[in-house]
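Novice: One file: coords_25.cif (mmCIF, C-alpha atoms).
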```cif
data_query
#
loop_
_atom_site.group_PDB
_atom_site.id
_atom_site.type_symbol
_atom_site.label_atom_id
_atom_site.label_comp_id
_atom_site.auth_asym_id
_atom_site.auth_seq_id
_atom_site.Cartn_x
_atom_site.Cartn_y
_atom_site.Cartn_z
ATOM 1 C CA VAL I 3 -22.846 -11.255 -4.464
ATOM 2 C CA HIS I 4 -19.391 -12.704 -3.805
ATOM 3 C CA PRO I 5 -17.485 -10.654 -1.181
ATOM 4 C CA LEU I 6 -14.488 -10.162 -3.480
ATOM 5 C CA LEU I 7 -16.791 -8.530 -6.023
ATOM 6 C CA GLY I 8 -17.817 -6.145 -3.249
ATOM 7 C CA VAL I 9 -14.163 -5.326 -2.576
ATOM 8 C CA LEU I 10 -13.537 -4.763 -6.293
ATOM 9 C CA THR I 11 -16.589 -2.489 -6.452
ATOM 10 C CA GLY I 12 -15.269 -0.523 -3.468
ATOM 11 C CA TYR I 13 -11.899 -0.103 -5.190
ATOM 12 C CA LEU I 14 -13.512 1.009 -8.463
ATOM 13 C CA ALA I 15 -15.754 3.490 -6.635
ATOM 14 C CA GLY I 16 -12.723 4.872 -4.805
ATOM 15 C CA SER I 17 -10.839 5.145 -8.091
ATOM 16 C CA ILE I 18 -13.276 7.652 -9.590
ATOM 17 C CA PRO I 19 -11.024 10.756 -9.765
ATOM 18 C CA PHE I 20 -13.563 13.495 -9.049
ATOM 19 C CA ALA I 21 -10.882 16.177 -8.633
ATOM 20 C CA TYR I 22 -9.364 15.217 -11.982
ATOM 21 C CA LEU I 23 -12.808 15.299 -13.658
ATOM 22 C CA ALA I 24 -13.654 18.660 -12.066
ATOM 23 C CA GLY I 25 -10.339 20.067 -13.253
ATOM 24 C CA LYS I 26 -10.883 18.785 -16.781
ATOM 25 C CA ALA I 27 -14.352 20.379 -16.770
ATOM 26 C CA HIS I 28 -12.563 23.675 -16.080
ATOM 27 C CA GLY I 29 -9.839 23.003 -18.666
ATOM 28 C CA VAL I 30 -7.199 22.291 -15.985
ATOM 29 C CA ASP I 31 -5.192 19.196 -15.095
ATOM 30 C CA LEU I 32 -4.928 19.494 -11.311
ATOM 31 C CA ARG I 33 -1.847 17.273 -11.367
ATOM 32 C CA GLU I 34 -0.021 20.223 -12.954
ATOM 33 C CA HIS I 35 -1.353 22.978 -10.678
ATOM 34 C CA GLY I 36 -1.270 23.850 -6.992
ATOM 35 C CA SER I 37 0.079 20.929 -4.975
ATOM 36 C CA GLY I 38 -0.399 18.568 -7.925
ATOM 37 C CA ASN I 39 -2.627 16.438 -5.711
ATOM 38 C CA LEU I 40 -6.004 15.108 -6.870
ATOM 39 C CA GLY I 41 -7.871 15.847 -3.676
ATOM 40 C CA ALA I 42 -10.456 18.324 -2.476
ATOM 41 C CA THR I 43 -7.906 20.700 -0.929
ATOM 42 C CA ASN I 44 -6.091 21.219 -4.222
ATOM 43 C CA ALA I 45 -9.433 21.491 -6.021
ATOM 44 C CA ILE I 46 -10.452 24.291 -3.622
ATOM 45 C CA ARG I 47 -7.067 25.987 -4.072
ATOM 46 C CA VAL I 48 -7.076 25.856 -7.888
ATOM 47 C CA LEU I 49 -10.745 25.674 -8.919
ATOM 48 C CA GLY I 50 -12.385 27.637 -6.117
ATOM 49 C CA LYS I 51 -14.360 26.831 -2.994
ATOM 50 C CA LYS I 52 -17.633 25.855 -4.705
ATOM 51 C CA THR I 53 -16.066 23.292 -7.046
ATOM 52 C CA GLY I 54 -13.677 22.092 -4.342
ATOM 53 C CA LEU I 55 -16.541 21.417 -1.927
ATOM 54 C CA VAL I 56 -18.364 19.430 -4.606
ATOM 55 C CA VAL I 57 -15.189 17.350 -5.016
ATOM 56 C CA TYR I 58 -14.959 16.946 -1.222
ATOM 57 C CA PHE I 59 -18.527 15.625 -0.940
ATOM 58 C CA ALA I 60 -18.104 13.375 -3.985
ATOM 59 C CA ASP I 61 -14.881 11.924 -2.535
ATOM 60 C CA THR I 62 -16.643 11.410 0.807
ATOM 61 C CA LEU I 63 -19.592 9.641 -0.842
ATOM 62 C CA LYS I 64 -17.362 7.287 -2.816
ATOM 63 C CA GLY I 65 -16.052 6.044 0.532
ATOM 64 C CA PHE I 66 -19.399 6.014 2.333
ATOM 65 C CA LEU I 67 -21.720 4.416 -0.234
ATOM 66 C CA PRO I 68 -19.798 1.161 -0.797
ATOM 67 C CA VAL I 69 -19.487 0.366 2.936
ATOM 68 C CA TYR I 70 -23.093 1.380 3.558
ATOM 69 C CA LEU I 71 -24.748 -0.360 0.609
ATOM 70 C CA LEU I 72 -22.654 -3.402 -0.297
ATOM 71 C CA PRO I 73 -22.148 -5.503 2.870
ATOM 72 C CA GLY I 74 -25.840 -6.429 3.131
ATOM 73 C CA GLN I 75 -25.733 -7.720 -0.458
ATOM 74 C CA LEU I 76 -22.797 -10.080 0.084
ATOM 75 C CA ASP I 77 -22.948 -13.873 0.394
ATOM 76 C CA THR I 78 -21.140 -13.986 3.732
ATOM 77 C CA SER I 79 -21.778 -14.593 7.405
ATOM 78 C CA ARG I 80 -19.307 -11.786 8.270
ATOM 79 C CA PRO I 81 -20.597 -8.631 6.554
ATOM 80 C CA ALA I 82 -18.870 -6.338 9.095
ATOM 81 C CA MET I 83 -15.434 -7.721 8.238
ATOM 82 C CA TRP I 84 -16.110 -7.428 4.521
ATOM 83 C CA ALA I 85 -17.377 -3.859 5.039
ATOM 84 C CA ILE I 86 -13.936 -2.986 6.429
ATOM 85 C CA ALA I 87 -12.261 -4.644 3.418
ATOM 86 C CA ILE I 88 -14.539 -2.743 1.023
ATOM 87 C CA GLY I 89 -13.693 0.513 2.801
ATOM 88 C CA VAL I 90 -9.954 -0.116 2.663
ATOM 89 C CA ALA I 91 -10.313 -0.903 -1.053
ATOM 90 C CA ALA I 92 -12.144 2.407 -1.635
ATOM 91 C CA ILE I 93 -9.353 4.327 0.130
ATOM 92 C CA ILE I 94 -6.683 2.518 -1.901
ATOM 93 C CA GLY I 95 -8.680 3.316 -5.037
ATOM 94 C CA HIS I 96 -8.612 7.016 -4.192
ATOM 95 C CA VAL I 97 -4.867 7.031 -3.521
ATOM 96 C CA LYS I 98 -3.996 4.718 -6.451
ATOM 97 C CA PRO I 99 -6.877 5.104 -8.948
ATOM 98 C CA VAL I 100 -7.049 2.470 -11.666
ATOM 99 C CA PHE I 101 -8.661 5.015 -14.001
ATOM 100 C CA LEU I 102 -5.432 7.046 -13.882
ATOM 101 C CA MET I 103 -3.154 3.980 -14.115
ATOM 102 C CA GLY I 104 -2.529 4.077 -10.355
ATOM 103 C CA GLN I 105 -0.923 7.524 -10.579
ATOM 104 C CA GLY I 106 -1.856 10.901 -9.159
ATOM 105 C CA GLY I 107 -4.508 10.095 -6.588
ATOM 106 C CA GLY I 108 -5.308 12.128 -3.522
ATOM 107 C CA LYS I 109 -4.263 11.660 0.092
ATOM 108 C CA GLY I 110 -7.524 9.925 0.960
ATOM 109 C CA VAL I 111 -8.785 12.118 3.797
ATOM 110 C CA ALA I 112 -12.314 12.766 2.469
ATOM 111 C CA THR I 113 -12.711 9.188 1.233
ATOM 112 C CA THR I 114 -11.463 7.823 4.560
ATOM 113 C CA GLY I 115 -13.960 10.071 6.324
ATOM 114 C CA GLY I 116 -16.756 8.650 4.182
ATOM 115 C CA VAL I 117 -15.657 5.067 4.831
ATOM 116 C CA PHE I 118 -15.528 5.535 8.573
ATOM 117 C CA PHE I 119 -18.782 7.493 8.670
ATOM 118 C CA GLY I 120 -20.337 4.348 7.218
ATOM 119 C CA LEU I 121 -18.525 2.064 9.691
ATOM 120 C CA ALA I 122 -18.455 4.144 12.908
ATOM 121 C CA TRP I 123 -20.384 7.374 12.489
ATOM 122 C CA LEU I 124 -20.016 8.856 15.989
ATOM 123 C CA PRO I 125 -16.183 8.767 16.228
ATOM 124 C CA THR I 126 -16.070 10.025 12.646
ATOM 125 C CA LEU I 127 -18.216 13.040 13.540
ATOM 126 C CA VAL I 128 -15.929 13.778 16.500
ATOM 127 C CA ALA I 129 -12.900 13.547 14.186
ATOM 128 C CA PHE I 130 -14.625 15.813 11.640
ATOM 129 C CA PHE I 131 -15.286 18.475 14.275
ATOM 130 C CA SER I 132 -11.682 18.179 15.481
ATOM 131 C CA PHE I 133 -10.647 18.784 11.861
ATOM 132 C CA LEU I 134 -12.814 21.917 11.714
ATOM 133 C CA ILE I 135 -11.454 23.236 15.014
ATOM 134 C CA ALA I 136 -7.823 22.644 13.993
ATOM 135 C CA LEU I 137 -8.513 24.259 10.613
ATOM 136 C CA ALA I 138 -10.133 27.296 12.254
ATOM 137 C CA LEU I 139 -7.218 27.691 14.688
ATOM 138 C CA THR I 140 -4.387 27.202 12.193
ATOM 139 C CA ARG I 141 -5.941 27.891 8.771
ATOM 140 C CA ARG I 142 -4.085 24.827 7.496
ATOM 141 C CA VAL I 143 -6.041 21.942 6.020
ATOM 142 C CA SER I 144 -3.088 19.611 6.540
ATOM 143 C CA ILE I 145 -3.102 20.235 10.307
ATOM 144 C CA GLY I 146 -6.855 19.624 10.387
ATOM 145 C CA SER I 147 -6.389 16.379 8.456
ATOM 146 C CA LEU I 148 -3.578 15.209 10.724
ATOM 147 C CA THR I 149 -5.635 16.060 13.813
ATOM 148 C CA ALA I 150 -8.579 14.040 12.512
ATOM 149 C CA ALA I 151 -6.225 11.162 11.639
ATOM 150 C CA VAL I 152 -5.181 10.990 15.304
ATOM 151 C CA VAL I 153 -8.634 11.577 16.827
ATOM 152 C CA LEU I 154 -10.507 9.010 14.703
ATOM 153 C CA PRO I 155 -8.671 5.833 15.816
ATOM 154 C CA ALA I 156 -8.768 7.037 19.418
ATOM 155 C CA GLY I 157 -12.541 7.497 19.158
ATOM 156 C CA VAL I 158 -13.076 4.118 17.495
ATOM 157 C CA ALA I 159 -10.938 2.487 20.204
ATOM 158 C CA MET I 160 -13.027 4.120 22.938
ATOM 159 C CA GLN I 161 -16.256 2.982 21.270
ATOM 160 C CA ARG I 162 -15.281 -0.537 20.198
ATOM 161 C CA GLY I 163 -12.147 -1.438 22.146
ATOM 162 C CA ALA I 164 -8.464 -1.304 21.282
ATOM 163 C CA ALA I 165 -8.356 -4.871 19.920
ATOM 164 C CA ASP I 166 -11.416 -4.541 17.657
ATOM 165 C CA PRO I 167 -10.517 -5.141 13.976
ATOM 166 C CA LEU I 168 -12.013 -1.781 13.004
ATOM 167 C CA THR I 169 -9.808 -0.006 15.559
ATOM 168 C CA LEU I 170 -6.703 -1.754 14.233
ATOM 169 C CA ILE I 171 -7.534 -0.952 10.609
ATOM 170 C CA CYS I 172 -8.382 2.632 11.552
ATOM 171 C CA GLY I 173 -5.020 2.988 13.288
ATOM 172 C CA ALA I 174 -3.200 1.592 10.272
ATOM 173 C CA ILE I 175 -5.035 3.940 7.923
ATOM 174 C CA ALA I 176 -4.270 6.882 10.224
ATOM 175 C CA ILE I 177 -0.562 6.030 10.017
ATOM 176 C CA PHE I 178 -0.898 5.819 6.219
ATOM 177 C CA VAL I 179 -2.633 9.228 6.047
ATOM 178 C CA ILE I 180 0.068 10.750 8.277
ATOM 179 C CA TRP I 181 2.747 9.229 6.006
ATOM 180 C CA LEU I 182 1.043 10.728 2.936
ATOM 181 C CA HIS I 183 1.201 14.112 4.690
ATOM 182 C CA ARG I 184 4.930 13.819 5.481
ATOM 183 C CA GLY I 185 5.752 16.693 3.098
ATOM 184 C CA ASN I 186 3.219 18.909 4.876
ATOM 185 C CA ILE I 187 4.667 17.886 8.255
ATOM 186 C CA ARG I 188 8.160 18.863 7.112
ATOM 187 C CA ARG I 189 6.869 22.284 5.972
ATOM 188 C CA ILE I 190 5.060 22.799 9.306
ATOM 189 C CA MET I 191 8.226 21.963 11.250
ATOM 190 C CA ASP I 192 10.405 24.385 9.247
#
```
Rewrite the coordinates I just gave you, this time as structure tokens.

Specialist:
Amino acid sequence: VHPLLGVLTGYLAGSIPFAYLAGKAHGVDLREHGSGNLGATNAIRVLGKKTGLVVYFADTLKGFLPVYLLPGQLDTSRPAMWAIAIGVAAIIGHVKPVFLMGQGGGKGVATTGGVFFGLAWLPTLVAFFSFLIALALTRRVSIGSLTAAVVLPAGVAMQRGAADPLTLICGAIAIFVIWLHRGNIRRIMD
């Protein structure tokens, strides 16, 4: 399989709008309710915990499965580099889903978690537990997400080195996730 086909597959997998589909199954367009975001947090808020958790796991899997399954199928001598590209494509797909004309995606936290669980599982688990601790202490998903966004690149850097391509990409994605949460940050600071 050509590596670019793997990247396209990652993007298409990331573009599957599970929150949108779950909302439609309940007769609701999540883009018009709650935060208007097509992510697991808004699905939990509007559709309930059970449906929201299904969305969370589906969004996580659409990040994990492409980076776990595709790189070994590619015609390349650098599957690890292409795995990173496939993961980035899945995250972009979640944020800018082609199936919704690039509009109304989520913030990418669950999908990013799935991608990095496939690429660096131990730092991802540490980041996940930091998310849970921050959530338990503050009862704010956004603070948990921001905490994990800071912890994950630090953990990857400790495991693989600061100059490793995965560390650099992880840092860039963390900055992107923080930027997507800028509205939440403003509300926290007020």

Novice: Evaluating the PyMOL selection byres ((chain I and resi 129-135) around 12) on the displayed file yields which residues, as a PyMOL selection string?

Specialist: chain I and resi 62+111-112+114-116+118-119+122-128+136-158+176

Novice: Enclose range 165-174 of chain I, meaning all of its atoms listed in the file, in a box aligned along x, y and z, pad it by 3 Å on each side, and list the centre and edge lengths in Å to one decimal, as JSON.

Specialist:
```
{"center_x": -7.6, "center_y": -1.1, "center_z": 15.1, "size_x": 14.8, "size_y": 14.1, "size_z": 15.6}
```

Novice: With only C-alpha atoms counted and 10 Å as the cut-off, give the residues of range 58-93 of chain I in contact with range 40-49 of chain I, each with its shortest interatomic distance in Å and the pair that gives it, as a Markdown table.

Specialist:
```
| residue | atom | partner | partner_atom | distance |
| --- | --- | --- | --- | --- |
| I:Tyr58 | CA | I:Ala42 | CA | 4.9 |
| I:Phe59 | CA | I:Ala42 | CA | 8.6 |
| I:Ala60 | CA | I:Ala42 | CA | 9.2 |
| I:Asp61 | CA | I:Ala42 | CA | 7.8 |
| I:Thr62 | CA | I:Ala42 | CA | 9.8 |
```

Novice: Once you count all atoms listed in the file, which residues end up no further than 7 Å from (-13.2, 10.4, -4.7) in the file's frame, shown as a list of chain:residue names?

Specialist: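 Those within range, by chain then number, are I:Gly16, I:Ser17, I:Ile18, I:Pro19, I:Phe20, I:Ala60, I:Asp61, I:Thr62, I:Lys64, I:His96, I:Thr113.
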
Novice: Quick one: which residues end up in the PyMOL selection byres ((chain I and resi 77) around 6) for this structure, as a compact mmCIF listing (two decimals) with C-alpha atoms, keeping the file's coordinate frame?

Specialist:
```txt
# COMPACT_ATOMS: atom_id res chain seq x y z
CA VAL I 3 -22.85 -11.26 -4.46
CA HIS I 4 -19.39 -12.70 -3.80
CA LEU I 76 -22.80 -10.08 0.08
CA THR I 78 -21.14 -13.99 3.73
```

Novice: Need the shell around range 83-86 of chain I: protein/DNA/RNA residues with any atom at most 12 Å away, counting all atoms listed in the file. Skip same-chain ones fewer than 6 positions apart. Format as a ChimeraX atom specification?

Specialist: /I:3-12,65-77,92-93,114,117-122,166-172,175

Novice: Which residue gives the smallest distance to Val57 in chain I among I:Gly38, I:Gly108, I:Gly185, I:Gly29, with only C-alpha atoms counted?

Specialist: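 Closest to Val57 in chain I of all the choices is I:Gly108.
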
Novice: Looking at I:Ala82, I:Lys109, I:His35, I:Ala164, which one is nearest to Arg184 in chain I, with distances taken over all atoms listed in the file?

Specialist: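 Result for the nearest residue to Arg184 in chain I: I:Lys109.
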
Novice: How many Å lie between CA of Thr53 in chain I and CA of Pro99 in chain I, rounded to one decimal?

Specialist: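 Separating CA of Thr53 in chain I from CA of Pro99 in chain I is a distance of 20.5 Å.
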
Novice: For the atom pair CA of Val30 in chain I and CA of Gly50 in chain I, what is the interatomic distance in Å to one decimal place?

Specialist: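 Value for the CA of Val30 in chain I-CA of Gly50 in chain I distance: 12.4 Å.
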
Novice: One number please: CA of Asp31 in chain I to CA of Ala15 in chain I, in Å, one decimal.

Specialist: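 Going from CA of Asp31 in chain I over to CA of Ala15 in chain I covers 20.7 Å.
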
Novice: Could you give me range 92-103 of chain I completed to all heavy atoms, formatted as an mmCIF file, in the coordinates of the input?

Specialist:
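selection-v9.cif was written with the following content:
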```
data_model
loop_
_atom_site.group_PDB
_atom_site.id
_atom_site.type_symbol
_atom_site.label_atom_id
_atom_site.label_comp_id
_atom_site.auth_asym_id
_atom_site.auth_seq_id
_atom_site.Cartn_x
_atom_site.Cartn_y
_atom_site.Cartn_z
ATOM 1 N N ALA I 92 -11.740 1.089 -1.126
ATOM 2 C CA ALA I 92 -12.144 2.407 -1.635
ATOM 3 C C ALA I 92 -11.052 3.443 -1.383
ATOM 4 O O ALA I 92 -10.756 4.275 -2.244
ATOM 5 C CB ALA I 92 -13.461 2.839 -0.990
ATOM 6 N N ILE I 93 -10.433 3.386 -0.196
ATOM 7 C CA ILE I 93 -9.353 4.327 0.130
ATOM 8 C C ILE I 93 -8.156 4.098 -0.793
ATOM 9 O O ILE I 93 -7.583 5.051 -1.334
ATOM 10 C CB ILE I 93 -8.960 4.197 1.608
ATOM 11 C CG1 ILE I 93 -10.121 4.620 2.507
ATOM 12 C CG2 ILE I 93 -7.709 5.036 1.912
ATOM 13 C CD1 ILE I 93 -9.982 4.195 3.955
ATOM 14 N N ILE I 94 -7.792 2.838 -0.993
ATOM 15 C CA ILE I 94 -6.683 2.518 -1.901
ATOM 16 C C ILE I 94 -7.009 3.008 -3.304
ATOM 17 O O ILE I 94 -6.148 3.565 -4.003
ATOM 18 C CB ILE I 94 -6.373 1.012 -1.891
ATOM 19 C CG1 ILE I 94 -5.795 0.618 -0.527
ATOM 20 C CG2 ILE I 94 -5.403 0.641 -3.022
ATOM 21 C CD1 ILE I 94 -5.688 -0.878 -0.309
ATOM 22 N N GLY I 95 -8.260 2.832 -3.725
ATOM 23 C CA GLY I 95 -8.680 3.316 -5.037
ATOM 24 C C GLY I 95 -8.489 4.816 -5.182
ATOM 25 O O GLY I 95 -8.054 5.300 -6.230
ATOM 26 N N HIS I 96 -8.787 5.562 -4.121
ATOM 27 C CA HIS I 96 -8.612 7.016 -4.192
ATOM 28 C C HIS I 96 -7.139 7.388 -4.306
ATOM 29 O O HIS I 96 -6.772 8.272 -5.085
ATOM 30 C CB HIS I 96 -9.220 7.689 -2.960
ATOM 31 C CG HIS I 96 -9.054 9.176 -2.968
ATOM 32 N ND1 HIS I 96 -9.841 10.002 -3.736
ATOM 33 C CD2 HIS I 96 -8.166 9.978 -2.333
ATOM 34 C CE1 HIS I 96 -9.448 11.256 -3.565
ATOM 35 N NE2 HIS I 96 -8.429 11.268 -2.716
ATOM 36 N N VAL I 97 -6.294 6.712 -3.536
ATOM 37 C CA VAL I 97 -4.867 7.031 -3.521
ATOM 38 C C VAL I 97 -4.165 6.520 -4.783
ATOM 39 O O VAL I 97 -3.268 7.179 -5.319
ATOM 40 C CB VAL I 97 -4.214 6.461 -2.243
ATOM 41 C CG1 VAL I 97 -2.708 6.677 -2.243
ATOM 42 C CG2 VAL I 97 -4.831 7.091 -0.993
ATOM 43 N N LYS I 98 -4.583 5.339 -5.254
ATOM 44 C CA LYS I 98 -3.996 4.718 -6.451
ATOM 45 C C LYS I 98 -5.111 4.359 -7.435
ATOM 46 O O LYS I 98 -5.471 3.187 -7.606
ATOM 47 C CB LYS I 98 -3.207 3.454 -6.075
ATOM 48 C CG LYS I 98 -2.007 3.702 -5.194
ATOM 49 C CD LYS I 98 -0.913 4.393 -5.979
ATOM 50 C CE LYS I 98 0.334 4.575 -5.124
ATOM 51 N NZ LYS I 98 1.356 5.318 -5.865
ATOM 52 N N PRO I 99 -5.705 5.357 -8.103
ATOM 53 C CA PRO I 99 -6.877 5.104 -8.948
ATOM 54 C C PRO I 99 -6.547 4.359 -10.242
ATOM 55 O O PRO I 99 -5.669 4.767 -10.991
ATOM 56 C CB PRO I 99 -7.401 6.508 -9.248
ATOM 57 C CG PRO I 99 -6.216 7.406 -9.097
ATOM 58 C CD PRO I 99 -5.331 6.762 -8.066
ATOM 59 N N VAL I 100 -7.261 3.270 -10.454
ATOM 60 C CA VAL I 100 -7.049 2.470 -11.666
ATOM 61 C C VAL I 100 -7.345 3.294 -12.919
ATOM 62 O O VAL I 100 -6.706 3.099 -13.952
ATOM 63 C CB VAL I 100 -7.896 1.176 -11.635
ATOM 64 C CG1 VAL I 100 -9.385 1.467 -11.735
ATOM 65 C CG2 VAL I 100 -7.472 0.217 -12.738
ATOM 66 N N PHE I 101 -8.285 4.232 -12.826
ATOM 67 C CA PHE I 101 -8.661 5.015 -14.001
ATOM 68 C C PHE I 101 -7.579 6.007 -14.421
ATOM 69 O O PHE I 101 -7.639 6.569 -15.509
ATOM 70 C CB PHE I 101 -9.987 5.736 -13.760
ATOM 71 C CG PHE I 101 -11.111 4.795 -13.438
ATOM 72 C CD1 PHE I 101 -11.821 4.910 -12.256
ATOM 73 C CD2 PHE I 101 -11.451 3.761 -14.298
ATOM 74 C CE1 PHE I 101 -12.846 4.035 -11.945
ATOM 75 C CE2 PHE I 101 -12.470 2.877 -14.005
ATOM 76 C CZ PHE I 101 -13.176 3.015 -12.824
ATOM 77 N N LEU I 102 -6.587 6.210 -13.543
ATOM 78 C CA LEU I 102 -5.432 7.046 -13.882
ATOM 79 C C LEU I 102 -4.152 6.218 -13.839
ATOM 80 O O LEU I 102 -3.073 6.733 -13.551
ATOM 81 C CB LEU I 102 -5.335 8.242 -12.929
ATOM 82 C CG LEU I 102 -6.504 9.230 -12.977
ATOM 83 C CD1 LEU I 102 -6.345 10.299 -11.908
ATOM 84 C CD2 LEU I 102 -6.638 9.858 -14.356
ATOM 85 N N MET I 103 -4.276 4.913 -14.091
ATOM 86 C CA MET I 103 -3.154 3.980 -14.115
ATOM 87 C C MET I 103 -2.398 3.962 -12.786
ATOM 88 O O MET I 103 -1.168 3.820 -12.754
ATOM 89 C CB MET I 103 -2.186 4.308 -15.256
ATOM 90 C CG MET I 103 -2.843 4.339 -16.599
ATOM 91 S SD MET I 103 -3.613 2.756 -16.965
ATOM 92 C CE MET I 103 -4.179 3.014 -18.603
#
```
